[in-house]
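One structure is given below, encoded as structure tokens.
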Amino acid sequence: MSSRPSVIFVTSVFDEVVNGPGTYAQYLWRAFQDDEDFDFHLVAPQCQTRHPRLHSVKSAGRSIMWDIQRRALQIAGEHKHRALVHGNSAYMMFLFQNYTGPWLAQVNDYEAATIWKSSVSTFHSQGLRRFISLAWRHRQERKVVHSARRIVCNSEYVRQALLRCYGDPDPARLSVIHKAVDVRAFACSDSLPEDAGREVPRGSRLLYIGANWRLKGLPTLLKSLSLVVKRLPDCQLTIVGPAAKQQAAIRDLAQKHGVSRH
């Protein structure tokens with residue numbers, strides 16, 4: 001065991017999932033995997049990356065969250081509970097409630113926290129399976145919000161949702177740190193590549209980006225688009241992110257608001 005300080009980062013998504021928490025895990029790993037000032041350990045589901053401090057957990061199905069936490073607790077024990085443990089998602093850190101060392105957890109959205117505030121609409125829009133999953137997440141996340149040394153929220157809106165929905169947790173333990181962006185991936189260039197033969201529609205262009213489209217406002221955007229196109233009839237909305245199996249529901253919603261051709 002190294003005498004340097006150690007951080008154990010625990011995540012249920014890493015190199016095969018492209019979403020906010022997965023990207024965050026990738027950023028931290030690239031920044032700290034070979035840091036000389038402290039040992040950065042990452043515990044994740046089975047992945048392609050190989051490194052002495054990346055602990056890949058082979059598991060399947062619903063047991064993956066338990067197995068990842070048990071492996072992280074084992075590593076923390078090897079450091080005599082002096083390591084700082086950082087959970088990428090609060091709801092998957094429930095086994096750490098009795099951890100004696102310092103630990104914190106991240107809350108990346110308000111969907112689980114507010115499930116009982118909009119239970120009927122959630123059930124009808126997302127189905128029974130998703131509803132049960134969110135209700136379970138709510139229960140586990142609530143425990144962690146009250147027991148972790150620090151909770152990191154990715155927006156002030158999320159922080160306020162936790163304060164409203166989880167029975168008055170200590171506000172001083174809830175901090176806001178916004179998600180990072182690798183600006184190099186969006187560097188501008190004076191010479192843009194030619195669009196590979198694609199016809200670019202005339203008129204105003206709107207771009208929506210987000211996989212969890214119900215939570216991230218696409219229904220509201222489609223409803224608003226029905227007003228926009230009355231003044232800008234050539235307006236076109238491009239949607240990027242939702243899974244292929246969600247496209248039929250999005251098309252139905254667009255048709256409902258009369259904006260299918262846009």
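Following the order of the structure tokens, first chain is A, next is B, and so on, with residues numbered from 1 inside each chain and ligands from 1 in the order they appear.
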Within 12 Å of range 84-108 of chain A, which residues of range 48-78 of chain A come that close, and what is the closest atom pair and distance in Å for each? Count only C-alpha atoms and give it as JSON lines.
{"residue": "A:Arg62", "atom": "CA", "partner": "A:Met92", "partner_atom": "CA", "distance": 11.3}
{"residue": "A:Ser63", "atom": "CA", "partner": "A:Met92", "partner_atom": "CA", "distance": 11.2}
{"residue": "A:Ile64", "atom": "CA", "partner": "A:Met92", "partner_atom": "CA", "distance": 9.8}
{"residue": "A:Met65", "atom": "CA", "partner": "A:Met92", "partner_atom": "CA", "distance": 6.1}
{"residue": "A:Trp66", "atom": "CA", "partner": "A:Leu95", "partner_atom": "CA", "distance": 7.7}
{"residue": "A:Asp67", "atom": "CA", "partner": "A:Leu95", "partner_atom": "CA", "distance": 10.3}
{"residue": "A:Ile68", "atom": "CA", "partner": "A:Met92", "partner_atom": "CA", "distance": 9.0}
{"residue": "A:Gln69", "atom": "CA", "partner": "A:Leu95", "partner_atom": "CA", "distance": 6.6}
{"residue": "A:Arg70", "atom": "CA", "partner": "A:Leu95", "partner_atom": "CA", "distance": 7.8}
{"residue": "A:Arg71", "atom": "CA", "partner": "A:Leu95", "partner_atom": "CA", "distance": 11.0}
{"residue": "A:Ala72", "atom": "CA", "partner": "A:Val85", "partner_atom": "CA", "distance": 8.2}
{"residue": "A:Leu73", "atom": "CA", "partner": "A:Phe96", "partner_atom": "CA", "distance": 7.7}
{"residue": "A:Gln74", "atom": "CA", "partner": "A:Tyr99", "partner_atom": "CA", "distance": 11.1}
{"residue": "A:Ile75", "atom": "CA", "partner": "A:Val85", "partner_atom": "CA", "distance": 10.0}
{"residue": "A:Ala76", "atom": "CA", "partner": "A:Val85", "partner_atom": "CA", "distance": 7.7}
{"residue": "A:Gly77", "atom": "CA", "partner": "A:Gly101", "partner_atom": "CA", "distance": 9.5}
Write the residues of the selection above to a file with N, CA and C atoms, as a compact mmCIF listing (two decimals), in the first residue's frame.
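Full text of selection.txt as output:
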# COMPACT_ATOMS: atom_id res chain seq x y z
N ARG A 62 -28.67 -7.33 -11.93
CA ARG A 62 -28.89 -6.41 -10.83
C ARG A 62 -27.81 -6.49 -9.75
N SER A 63 -27.00 -7.55 -9.76
CA SER A 63 -25.97 -7.69 -8.72
C SER A 63 -24.79 -6.76 -8.95
N ILE A 64 -24.71 -6.09 -10.09
CA ILE A 64 -23.53 -5.30 -10.41
C ILE A 64 -23.31 -4.18 -9.39
N MET A 65 -24.37 -3.53 -8.94
CA MET A 65 -24.20 -2.43 -7.98
C MET A 65 -23.65 -2.93 -6.66
N TRP A 66 -24.15 -4.05 -6.19
CA TRP A 66 -23.65 -4.64 -4.95
C TRP A 66 -22.18 -5.06 -5.10
N ASP A 67 -21.86 -5.70 -6.22
CA ASP A 67 -20.49 -6.20 -6.43
C ASP A 67 -19.49 -5.05 -6.55
N ILE A 68 -19.87 -3.97 -7.22
CA ILE A 68 -18.98 -2.82 -7.35
C ILE A 68 -18.72 -2.20 -5.97
N GLN A 69 -19.77 -2.05 -5.18
CA GLN A 69 -19.61 -1.47 -3.84
C GLN A 69 -18.75 -2.35 -2.94
N ARG A 70 -18.96 -3.66 -3.02
CA ARG A 70 -18.17 -4.58 -2.19
C ARG A 70 -16.69 -4.49 -2.56
N ARG A 71 -16.41 -4.40 -3.86
CA ARG A 71 -15.01 -4.28 -4.28
C ARG A 71 -14.41 -2.96 -3.79
N ALA A 72 -15.17 -1.89 -3.87
CA ALA A 72 -14.68 -0.59 -3.40
C ALA A 72 -14.44 -0.62 -1.89
N LEU A 73 -15.34 -1.25 -1.15
CA LEU A 73 -15.16 -1.37 0.30
C LEU A 73 -13.92 -2.21 0.63
N GLN A 74 -13.66 -3.24 -0.17
CA GLN A 74 -12.47 -4.06 0.03
C GLN A 74 -11.20 -3.22 -0.16
N ILE A 75 -11.18 -2.42 -1.22
CA ILE A 75 -10.01 -1.57 -1.48
C ILE A 75 -9.85 -0.55 -0.36
N ALA A 76 -10.98 0.03 0.09
CA ALA A 76 -10.93 1.00 1.18
C ALA A 76 -10.37 0.35 2.45
N GLY A 77 -10.76 -0.90 2.70
CA GLY A 77 -10.24 -1.62 3.87
C GLY A 77 -8.74 -1.82 3.78
*asked:* Please list as a PyMOL selection string every residue within 12 Å of range 127-135 of chain A, counting only C-alpha atoms and excluding residues in the same chain fewer than 6 positions away.
replied: chain A and resi 62+91+109-121+141-142
*Using CA of Ile250 in chain A and CA of Ser224 in chain A as the two end points, give the distance in Å to one decimal.*
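According to the coordinates, CA of Ile250 in chain A and CA of Ser224 in chain A are separated by 14.4 Å.
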*Quick one: of A:Thr238, A:Gly167, A:Ala211, A:Val259, who's nearest to Lys223 in chain A, counting only C-alpha atoms?*
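Answer, going by the shortest atom-to-atom distance: A:Val259.
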*From a DSSP calculation on the backbone, collect every residue of range 23-239 of chain A in strand (DSSP E) and output the set as a ChimeraX atom specification.*
/A:39-45,54-57,84-87,103-107,150-153,174-176,205-209,236-239
_Which residue of A:Ser6, A:Ala248, A:Cys47, A:Val229 approaches Phe32 in chain A most closely, using only C-alpha atoms_ = A:Ser6
For range 205-209 of chain A: contacts at 8 Å, only C-alpha atoms, fewer than 6 positions along chain excluded, given as a tab-separated table (two decimals) with N, CA, C and O atoms, in the first residue's frame:
chain	number	residue	atom	x	y	z
A	218	LEU	N	-37.73	17.73	-23.98
A	218	LEU	CA	-38.12	17.63	-25.38
A	218	LEU	C	-39.64	17.76	-25.57
A	218	LEU	O	-40.08	18.41	-26.53
A	235	CYS	N	-38.53	26.64	-40.15
A	235	CYS	CA	-37.75	26.18	-39.00
A	235	CYS	C	-37.66	24.65	-38.96
A	235	CYS	O	-38.64	23.95	-39.22
A	236	GLN	N	-36.46	24.15	-38.65
A	236	GLN	CA	-36.24	22.71	-38.57
A	236	GLN	C	-35.57	22.38	-37.23
A	236	GLN	O	-34.62	23.05	-36.81
A	237	LEU	N	-36.07	21.35	-36.57
A	237	LEU	CA	-35.51	20.88	-35.31
A	237	LEU	C	-34.79	19.54	-35.55
A	237	LEU	O	-35.39	18.60	-36.08
A	238	THR	N	-33.53	19.47	-35.15
A	238	THR	CA	-32.77	18.22	-35.20
A	238	THR	C	-32.63	17.68	-33.78
A	238	THR	O	-32.25	18.41	-32.87
A	239	ILE	N	-32.95	16.39	-33.61
A	239	ILE	CA	-32.92	15.76	-32.29
A	239	ILE	C	-31.80	14.72	-32.27
A	239	ILE	O	-31.76	13.82	-33.11
A	240	VAL	N	-30.90	14.85	-31.30
A	240	VAL	CA	-29.76	13.95	-31.19
A	240	VAL	C	-29.74	13.33	-29.79
A	240	VAL	O	-29.85	14.05	-28.80
A	241	GLY	N	-29.63	12.02	-29.71
A	241	GLY	CA	-29.42	11.40	-28.42
A	241	GLY	C	-30.34	10.27	-28.02
A	241	GLY	O	-29.88	9.24	-27.53
*Mind checking DSSP for range 25-259 of chain A and telling me the helix (DSSP H, G or I) residues as a PyMOL selection string?*
chain A and resi 25-32+61-78+90-92+94-96+115-117+119-147+156-165+171-173+183-186+218-231+244-256
*asked:* Using only C-alpha atoms for the distances, tell me which of A:Val17, A:Leu221, A:Leu54, A:Leu42 is nearest to Ala254 in chain A.
replied: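 Closest candidate: A:Leu221.
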*For Ala25 in chain A, list every protein, DNA or RNA residue within 9 Å, evaluated using only C-alpha atoms, and leave out those in the same chain fewer than 5 positions away; present the list as a list in words.*
Phe9, Val10, Thr11, Val13, Phe14, Asp15, Gly20, Arg30, Leu42 and Asn88 of chain A
Please save N, CA and C atoms of the selected residues as a PDB file, in the first residue's frame.
ATOM      1  N   PHE A   9     -12.707   6.112  -6.636  1.00  0.00           N
ATOM      2  CA  PHE A   9     -13.871   6.602  -7.380  1.00  0.00           C
ATOM      3  C   PHE A   9     -14.704   5.402  -7.804  1.00  0.00           C
ATOM      4  N   VAL A  10     -15.992   5.406  -7.446  1.00  0.00           N
ATOM      5  CA  VAL A  10     -16.879   4.266  -7.670  1.00  0.00           C
ATOM      6  C   VAL A  10     -17.931   4.659  -8.697  1.00  0.00           C
ATOM      7  N   THR A  11     -18.020   3.899  -9.785  1.00  0.00           N
ATOM      8  CA  THR A  11     -18.966   4.248 -10.841  1.00  0.00           C
ATOM      9  C   THR A  11     -19.605   2.997 -11.438  1.00  0.00           C
ATOM     10  N   VAL A  13     -20.923   3.203 -14.499  1.00  0.00           N
ATOM     11  CA  VAL A  13     -20.757   3.396 -15.952  1.00  0.00           C
ATOM     12  C   VAL A  13     -19.348   3.891 -16.200  1.00  0.00           C
ATOM     13  N   PHE A  14     -18.751   3.385 -17.282  1.00  0.00           N
ATOM     14  CA  PHE A  14     -17.400   3.849 -17.599  1.00  0.00           C
ATOM     15  C   PHE A  14     -17.189   3.900 -19.098  1.00  0.00           C
ATOM     16  N   ASP A  15     -16.549   2.880 -19.682  1.00  0.00           N
ATOM     17  CA  ASP A  15     -16.122   3.043 -21.072  1.00  0.00           C
ATOM     18  C   ASP A  15     -17.110   2.521 -22.104  1.00  0.00           C
ATOM     19  N   GLY A  20     -23.730  11.545 -19.059  1.00  0.00           N
ATOM     20  CA  GLY A  20     -23.059  12.495 -18.185  1.00  0.00           C
ATOM     21  C   GLY A  20     -22.136  11.847 -17.168  1.00  0.00           C
ATOM     22  N   ARG A  30      -8.723  10.029 -16.982  1.00  0.00           N
ATOM     23  CA  ARG A  30      -7.652  10.559 -17.829  1.00  0.00           C
ATOM     24  C   ARG A  30      -6.789  11.567 -17.059  1.00  0.00           C
ATOM     25  N   LEU A  42     -10.036   3.568  -9.552  1.00  0.00           N
ATOM     26  CA  LEU A  42     -11.369   3.625 -10.142  1.00  0.00           C
ATOM     27  C   LEU A  42     -11.965   2.221 -10.144  1.00  0.00           C
ATOM     28  N   ASN A  88     -20.008   7.992  -7.917  1.00  0.00           N
ATOM     29  CA  ASN A  88     -20.456   8.738  -9.094  1.00  0.00           C
ATOM     30  C   ASN A  88     -21.967   8.947  -9.103  1.00  0.00           C
TER      31      ASN A  88
END
_CA of His79 in chain A to CA of Ser56 in chain A, straight-line distance in Å_ =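 One can read the CA of Ser56 in chain A to CA of His79 in chain A distance as 18.4 Å.
Here CA of Tyr24 in chain A is placed at a distance of 7.3 Å from CA of Ala180 in chain A.
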